[in-house]
Each structure stands twice: as C-alpha cells, then as structure tokens.
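Take a look at the structure below.
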Amino acid sequence: MKRTRVIAIVAAGTVVASVLGACSGGSDGGDGGKDGSDGPVTISVMEFQQTRIDAVGKLIPGFEAEMKKQGKDIKVKLVADVLTDDQFKTKVTQQLIAKQAPDLIDIGDSLVPGWAGAGYLAPLDDYLKDWDGWNHYYPQIKKAMVRQDGKIYALAHETGVQNLFYRKDQLTEFGVDTAQPATWNDLIARLEQIKQRTGGNPIVIPAGTAWGGSTWTEGFQPILGGTDKNYYSLQTGKWDLKSPGFRAVFDLYYTMYSKGLLPVQDLENPNPWEPTKYVKFPAGKIQVSAQGTSGWKFDWGPDGKAPIKGLNEKVDTWQYPGLRGGDSPFGWSGLGFGYGIPVSSSHKDAAMLLAEYLSTGKPLADQLVSSGAASPRDDLAGVKPYADEPKLLQAGKDLATSVYVPTGDGSEQVAQAVAAATELIINGKANGAQAYDAFLKNATDLLGPNLVKE
C-alpha cells in the first residue's frame, strides 16, 4: 500500500551513513563497462524506513558475492537515513536538484510522477526489455509503472491490495452477515446493525485534512477507482474533475457521516490513524477499516504497531462493494515502493544490476515478508519465506481481479482538494453535493488549466 503517514521513527544511532555522505557524486570507481559497472565500482542505495534498512542491509553481501561470480567488482554503500515520508521527499528532492542523490533510491510510488516529470529520474525501459525477470511481472503491474510519457522510471518491487478489513469475530457474535457485500447500500445496512448493537462508529475510512495525502490514496481514490476509471488520462495528462465518480464518492462519505458511521472526533485528531487503526480496531470498538495488505504485518501482526492476538481468526477482508448500478465488488491495487536511478548517477548500469537482484527470488521474498507486501511477480509463490505467508499469497492472487488507475502530475493537488472537501463533510459544513462543488473549485485552481480537462 502506498502510505503517506509517518512511519515509526527510530533512534538516530541506527543510521548507517548520512545521505550526503554517500551520494553518487561521492562514489568512487573505475571505468569498466559503459559506466563502470564491471568495476571496481562503489554505488550507493538509499532506504529511509527501518524495516527496509534492515532487510536490504542483510542482502548487500549476497549481491556483492554474486557480482564477483560474474566478474564484476561492485561494492554497495547503504545510505540508511530514518525519515518520515515528508522528510524523505524534501531531502531527496534537494539532492536530486543538486545532482547529489544516491545511485539507487527506494521510492514510494506517489513520488515517482513528480520526480520523473521534473527530469530527475532515468528511464529504465532499455534495461527492462533485456532483463529476463521482466517477463514475470504481472501485466497490470507493468502497465501501472508506465508514466504519462510512456516510460518507466521506477522498478516496483512490491505491491498490495487495498480492502476493507473487518472484525469477523464481532460480526459473528452480533449476528451480522459476514459474506462479501455486493453494494455499499448492503454494507451500510450492516454497519447500521452494528451501530445499533454497540452505539459506536463502526467504520474508519481516511477523511479530512489531518490524514494528509492518505485521505486520497487510502480513502477516496480506492472507492473512486472502482466506480470510475476515466478521471485521469495518461495520454493527455489531464484530470476530468467533472467525471461522475467524484460526486458519487462524496455522496457516500456524506451518507456515512450523516448516519453516524464514521468516527468523526477521531478523524479530527492530529494523528487520526492512532485512535482508529491502532486503538479502536484492535479493541473491537471499530469493526471495519480500510487498509492495505501491509496491515497484516505493520499494523496488526505480532510485530506490528497494534498487534491483535489471534489476528487470522478474528480479522478477514472484504473487497470494496459496488457503489453505483452495475459496479461489482473489487480490490484496489497499487504500487508500493520501487527502485529509481537518478539521471545524475555515474553508475546507472551497476545500480540497475542491484535493483534487479533485489527484485528477484529470495532477496525479493525476504523484503516482501519484512514489509508485509505482495509480490508484483508471478514466480514467488514457492520461494521462502514468502511461501509461508498465506495472507500475502492471497493478496497476490487478488491482484488478478484488482483495479488500479495510474495517475500523473497533479496527484498531490487533487489529494489536497479531496482532503479539504471531505473535511467539510466530517465537520458538518457540507453535504455530498456541496463538498463536490468545493472540491471542483479548489482542484481546478490548484491544478491550473494545463492539467484540467475542459
């Protein structure tokens, strides 16, 4: 799942090297190969989340040994800088501008369009067409990696499916149907049953400004994508803000608000995921939560933020129900993190060899289990430790029927406008129609005429 909220920060003592101290500009190496990829070469790779730092750090010696077998003298310096998402974006953007970024960067997918559009990232298409691993990527994942200019700028090494996680144990106790709801009307009727039984607010879906960009990526967009796939055109690079799905989703948010189904007070908390996903859902005081595949590990798994004892027995998932007539239930897929190479890197070939190694077989399996993500490839089901993770394997199977709508420039502006408009709803200041009108004006102003379809 693509996540924009703060990832747990650990002590600065775990930092292996500062970012500027391991930039591509500081890499040393010879001229073997067209960029020194035959060595001796030292390349740098950046990770900014502790779980990824730990996983990749363990894999680097294996890569160096494999390269040695192939007659290549490539050393890797891990740039380990534990940052929040916003800190990472700011720091690396500055480095990209200064042409001082590491040779390989593990990038959340939401940042790729902007950096690619600004010319900071090198296209990877020529490498991928010659790489045998590329044939094992799911077709929809390959398509999702393509940006508006038709090129690929980051090699995705993880994916996931966003679903509605629900407390199967409680619904069973309450006598509420646990079968897949076909429509949102069906689900809302069940949520009202739960509310009558508990008096609480039974569902959390990101909404409002406190949740930041996740109101769009984890809340609004997954629902929108299942009912309307025409709100953005990769061909034109324009947003169709009058596409009817927008109004339908704002109406849904208002319905949930007006029926008292959303935990409004918690959504206005400075860190709304804390009281909802990390307290009330684990405690059974919220029964349904929008969440991606990583929730099985990062949020509610044994080593997660808020472990749920007996998780696999107590919690299950539904696909998103259909919103409008003719819509079928669906899962929302998306790219998680991918490896990008700065245009300024002097060692692109060597960096790509590392990206390919980390995106294959056992190295990939180790990372996926560490991050709680599904494989973007079709050949990992038998590779341990991934093979021992039934929830991740199921998410991989669900990719076959999942929905994803790639977007480009303007995503952050649309996210800002959606957050502001849903804030009006949860504050009781707008119904669905009024929230949509506010969104339309705000998004049009933020995007500007070049990014909005007339």
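Residues in the structure tokens are numbered from 1 in each chain, the chains being A, B, ... in the order shown, and ligands are numbered from 1 in the order shown.
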Notebook entry, point to check: Could you pull out the helix (DSSP H, G or I) residues of stretch 240-400 of chain A from DSSP and send them as number ranges by chain?
Noted result: A: 245-258, 264-267, 273-283, 293-296, 311-314, 348-358, 361-371, 386-388, 390-400
Taking C-alpha atoms for each residue, export the selection above as an mmCIF file, in the first residue's frame.
data_model
loop_
_atom_site.group_PDB
_atom_site.id
_atom_site.type_symbol
_atom_site.label_atom_id
_atom_site.label_comp_id
_atom_site.auth_asym_id
_atom_site.auth_seq_id
_atom_site.Cartn_x
_atom_site.Cartn_y
_atom_site.Cartn_z
ATOM 1 C CA GLY A 245 -17.469 9.175 -9.895
ATOM 2 C CA PHE A 246 -16.222 12.119 -7.813
ATOM 3 C CA ARG A 247 -19.745 13.195 -6.874
ATOM 4 C CA ALA A 248 -20.764 9.597 -6.123
ATOM 5 C CA VAL A 249 -17.904 9.148 -3.645
ATOM 6 C CA PHE A 250 -18.570 12.464 -1.912
ATOM 7 C CA ASP A 251 -22.210 11.385 -1.562
ATOM 8 C CA LEU A 252 -21.042 8.122 0.015
ATOM 9 C CA TYR A 253 -18.877 9.974 2.534
ATOM 10 C CA TYR A 254 -21.840 12.158 3.445
ATOM 11 C CA THR A 255 -24.100 9.133 3.863
ATOM 12 C CA MET A 256 -21.629 7.529 6.264
ATOM 13 C CA TYR A 257 -21.252 10.826 8.144
ATOM 14 C CA SER A 258 -24.970 11.574 8.367
ATOM 15 C CA VAL A 264 -15.638 11.987 13.295
ATOM 16 C CA GLN A 265 -13.918 13.061 16.503
ATOM 17 C CA ASP A 266 -11.071 10.649 15.863
ATOM 18 C CA LEU A 267 -10.734 11.791 12.249
ATOM 19 C CA TRP A 273 -4.789 6.642 12.464
ATOM 20 C CA GLU A 274 -3.715 6.309 16.104
ATOM 21 C CA PRO A 275 -7.124 6.204 17.845
ATOM 22 C CA THR A 276 -8.821 4.414 14.952
ATOM 23 C CA LYS A 277 -6.498 1.786 13.468
ATOM 24 C CA TYR A 278 -4.157 1.400 16.425
ATOM 25 C CA VAL A 279 -6.625 1.546 19.328
ATOM 26 C CA LYS A 280 -10.271 1.060 18.438
ATOM 27 C CA PHE A 281 -9.998 -1.512 15.651
ATOM 28 C CA PRO A 282 -7.704 -3.773 17.713
ATOM 29 C CA ALA A 283 -10.027 -3.288 20.712
ATOM 30 C CA THR A 293 -2.009 -5.683 2.521
ATOM 31 C CA SER A 294 0.698 -4.288 4.805
ATOM 32 C CA GLY A 295 -1.852 -4.129 7.627
ATOM 33 C CA TRP A 296 -1.363 -7.834 8.252
ATOM 34 C CA LEU A 311 -5.401 -12.000 14.075
ATOM 35 C CA ASN A 312 -6.068 -14.569 11.357
ATOM 36 C CA GLU A 313 -9.091 -15.935 13.214
ATOM 37 C CA LYS A 314 -10.540 -12.585 14.278
ATOM 38 C CA LYS A 348 23.481 3.520 -13.760
ATOM 39 C CA ASP A 349 24.366 0.046 -15.063
ATOM 40 C CA ALA A 350 25.662 -1.112 -11.690
ATOM 41 C CA ALA A 351 22.694 0.460 -9.902
ATOM 42 C CA MET A 352 20.290 -1.382 -12.188
ATOM 43 C CA LEU A 353 22.054 -4.678 -11.510
ATOM 44 C CA LEU A 354 21.395 -4.108 -7.813
ATOM 45 C CA ALA A 355 17.750 -3.208 -8.477
ATOM 46 C CA GLU A 356 17.270 -6.398 -10.486
ATOM 47 C CA TYR A 357 18.961 -8.536 -7.843
ATOM 48 C CA LEU A 358 16.805 -7.086 -5.056
ATOM 49 C CA GLY A 361 13.827 -14.646 -5.904
ATOM 50 C CA LYS A 362 14.980 -14.983 -2.306
ATOM 51 C CA PRO A 363 16.131 -11.350 -1.931
ATOM 52 C CA LEU A 364 12.687 -10.178 -3.017
ATOM 53 C CA ALA A 365 10.925 -12.745 -0.813
ATOM 54 C CA ASP A 366 12.869 -11.552 2.233
ATOM 55 C CA GLN A 367 11.919 -7.919 1.602
ATOM 56 C CA LEU A 368 8.246 -8.672 0.983
ATOM 57 C CA VAL A 369 7.884 -10.581 4.228
ATOM 58 C CA SER A 370 9.687 -7.816 6.085
ATOM 59 C CA SER A 371 7.428 -5.094 4.663
ATOM 60 C CA TYR A 386 7.180 -15.575 1.159
ATOM 61 C CA ALA A 387 5.745 -19.046 0.534
ATOM 62 C CA ASP A 388 4.923 -19.311 4.248
ATOM 63 C CA PRO A 390 -0.844 -17.137 3.356
ATOM 64 C CA LYS A 391 -2.237 -13.599 3.634
ATOM 65 C CA LEU A 392 0.439 -12.216 1.303
ATOM 66 C CA LEU A 393 -0.096 -15.091 -1.123
ATOM 67 C CA GLN A 394 -3.829 -14.384 -1.129
ATOM 68 C CA ALA A 395 -3.194 -10.713 -1.825
ATOM 69 C CA GLY A 396 -1.036 -11.762 -4.762
ATOM 70 C CA LYS A 397 -3.915 -13.845 -6.140
ATOM 71 C CA ASP A 398 -6.324 -10.947 -5.645
ATOM 72 C CA LEU A 399 -4.177 -8.798 -7.942
ATOM 73 C CA ALA A 400 -5.632 -10.671 -10.913
#
Margin query: List as a VMD selection string the protein and nucleic acid residues near stretch 438-441 of chain A, meaning an atom at most 10 Å away when only C-alpha atoms are counted, but skip any in the same chain fewer than 3 places from it.
Written below: chain A and resid 241 to 242 246 to 247 250 414 416 to 422 424 430 432 to 435 444 to 446
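Taking atom CA of A:Ser333 and atom CA of A:Thr159 as endpoints, the distance between them is 7.2 Å.
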